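Visitor: Have a look at the structure that comes next, please.
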Amino acid sequence: MSIHNDSEFKSALDQLPVAEQRKLAARFAQSVSPLCKDSRVAAAIEAGLQSVTGDDKLTPIYNAVRGVCVESYTECGHMADWANQAGHFVAEAAAACVMPEVALHGANPAWDAAMRARMARTCASIADGSGTETSEAKNQYHLLDEYLNA
Amino acid sequence: MSAKALEHGINAFVEQIDRPVASFFNSCVHCGMCADACLFYTETGDPKYTPIHKLEPMRKVWKQKFTFWGKLMYKLGLSKPVTEAELEEWEPLVYDSCTLCGRCSLVCPVGNDITYMIRKAREGMVAAGHAPDGLKGATIRAVEIGSPMGVTWKTVQAQIKHTQENTGLQIPVDQKGADYMVIMSSMEIVNFPEYLGSLARIFKEAGISWTICSDATEATNSGIQIGSSDIAAQLVQRIVDGAEKLGVKYVISPECGHAYTAIRWEGPNLIGRPYPFEVIHILELLDQLREQGRLRTEGTETARMSFHDPCQLVRRGGLVEQPRRLLKMVASNYVDMPDPGIWNWCCGGGGGVSANDRADALQLRVFSRKKSQLDTARVETLVTCCANCRIVLEDGLEHYQMAIPVVGLTETLAKHLVTTPQETAKTETEQGEG
């Protein structure tokens, strides 16, 4: 495996064109997608995997998945539901895949999705009481390696 | 609610009517300027949301118990006592339609601190059993679990581990003799774990000696919001105990509005003694580091960025220029919204409103003011430094179908942080070892 740490991971992602960053973002989100059952999230990930392009197509998908992100935030003073919170971060990862060009402002969708996917996994580990061991980062290094070597 | 609860509430009002409150009631000239300063009045046009009107039950108690003519009229039966029905009617006015934003206090021509009075009135309301269920639940959890959102030390540990994995940096815990102790809001643990990672990276680069205290991670204070000084004092004491145990010189208040009010301004009075350490807001510290050349950034954001001023930090806390100086380090296209700084309009969810589900519809309605500010300034990315504001803004933007990203200031700075090669090398080594 050629990617060993986040420094290499981010550097490799930064070198890819946005269209490929989106595709990888979708793979990172897909990896944690079982933690969120919302169909709008699934649609956003699918759009990322299918390389949907153009703001006219991306915007409605993005708006729909942003709706899930906002709905699933745990509001201040409310009891945290960690399973729900895992779903929230999956939605955020999915949103990164389909963020319209006009809103990107130099952001890297793949990096954003990767970070959100890791947060989703951490929340899931809190929810199921399994402790704090997660291997999402290593899984993402592997997915990137696979992609680069394909 | 029982007659005894009502009596408790009235007694609590009496106890809360100190010299400032009495003089404020006495000097009100009924000019109505506070109405035009209040988000809930300007966005609804309903006169019941006039700030001074929200204090009517307390004003009635003041008049009947503390003024000559009021006492006389009460004795003659010409003035009726405050009733249970009145408290029930006023509960939504005191809790749902006041974010303790302080704008009314700022405009009052005779200098009445109406926000201070609302804070006092809540003491009476909660003593009478008239507080929203959401805030009651949050307060009970804060006392029993240590967090209004039920965050336990185990969950904090999980986020610490997540942060360590993602940054390659060690998060110091219970380090005696560290200079700074970091406290966080539960919101930062649950919704914005990137805050901790941003701190770790910035502090590493600036050479800050810091720690988290396992006995005192929570910065928020539901006691302040619901209006219970006893509970507020208990929650402040936990932080003070933790800081004293570790012997830190500073406690860093996080990106949370009311937490700063609680620990910085009300805390020493609540516990009845000065702290043996200083409280500093994270933005104050970052601005100091900027000035000393210990916080260096590279690159800028090209989007048209603006800063939403959290009321408790800016208007009531005095942190007006620090966030702007910091943001301008990384924003090449910064623009202020209309009424910036101390005149800013609240997001609509402060002061416990966002913990109160009953207030949801009203909160979204009054967001129309923020929408108008954002439209006027043609903002493309909104930055703030309060986790609660952040989610309330997201809610409002979603409601009004506005596609504007909302980001935290500390994480925005961390994104552009200049890191030394040594740090990168060490990060890789640490990760390799892990």
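By convention in this document, the chains of the structure tokens carry letters A, B, ... by their order, each chain's residues are numbered from 1, and ligands are numbered from 1 in the order they are shown.
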How close does chain A get to chain B? List, as CSV, each residue of chain A within 6 Å, its nearest atom pair and the distance in Å to one decimal, counting only C-alpha atoms.
Guide:
residue,atom,partner,partner_atom,distance
A:Cys76,CA,B:Ala355,CA,5.7
A:Gly77,CA,B:Ala355,CA,4.7
A:His78,CA,B:Met149,CA,5.2
A:Met79,CA,B:Met149,CA,4.2
A:Ala80,CA,B:Met149,CA,5.3
A:Thr132,CA,B:Ala158,CA,5.2
Visitor: Identify, with DSSP run on backbone atoms, the residues in region 153-396 of chain B assigned to strand (DSSP E), and express the list as an MDAnalysis selection string.
Guide: chainID B and resid 180:182 210:212 250:253 278:281 305:307 381:384
Visitor: Have a look at B:Leu246, B:Ile208, B:Leu199, B:Leu382 and name the one nearest to Val173 (chain B); count only C-alpha atoms.
Guide: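 Checking each of B:Leu246, B:Ile208, B:Leu199, B:Leu382 against Val173 (chain B), counting only C-alpha atoms, the winner is B:Leu246.
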Visitor: If you count only C-alpha atoms, which residues fall within 8 Å of Arg66 (chain A), apart from same-chain ones fewer than 3 positions away, as JSON, numbers by chain?
Guide: {"A": [62, 63, 69, 70, 91, 92, 95], "B": [398]}
Visitor: Mind dumping the selected residues with C-alpha atoms as a PDB file, in the first residue's frame?
Guide:
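See result17.pdb below for the written result:
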ATOM      1  CA  TYR A  62     -27.154  18.571  -2.942  1.00  0.00           C
ATOM      2  CA  ASN A  63     -30.086  20.565  -1.561  1.00  0.00           C
ATOM      3  CA  CYS A  69     -27.715  17.147   7.347  1.00  0.00           C
ATOM      4  CA  VAL A  70     -29.661  19.979   8.955  1.00  0.00           C
ATOM      5  CA  ALA A  91     -25.187  12.695   5.207  1.00  0.00           C
ATOM      6  CA  GLU A  92     -22.412  15.279   5.453  1.00  0.00           C
ATOM      7  CA  ALA A  95     -23.206  16.123   0.624  1.00  0.00           C
TER       8      ALA A  95
ATOM      9  CA  GLU B 398     -32.279  25.544   5.242  1.00  0.00           C
TER      10      GLU B 398
END
Visitor: I'd like the neighbourhood of Glu46 (chain A) as a list in words, where a residue qualifies if any of its atoms comes within 10 Å (using only C-alpha atoms), though same-chain residues fewer than 5 positions away should be ignored.
Guide: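 Here the qualifying residues turn out to be Lys23, Ala26, Arg27, Ala29, Gln30, Arg40, Val41, Ser51, Val52, Ala94, Cys97 and Val98 of chain A.
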Visitor: Can you tell me which residues surround region 111-122 of chain A at a distance of at most 6 Å, considering only C-alpha atoms, apart from same-chain residues fewer than 6 positions away, and format the answer as a list in words?
Guide: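 So, after excluding close chain neighbours, the residues are Ala25, Phe28, Ala29, Ala86, Phe89, Val90, Ala93, Ala96 and Glu136 of chain A.
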Visitor: Using only C-alpha atoms, which residues sit within 10 Å of Gly317 (chain B) once same-chain residues fewer than 6 positions away are excluded, as a PyMOL selection string?
Guide: chain B and resi 257-258+260-261+264-265+281+310-311+342
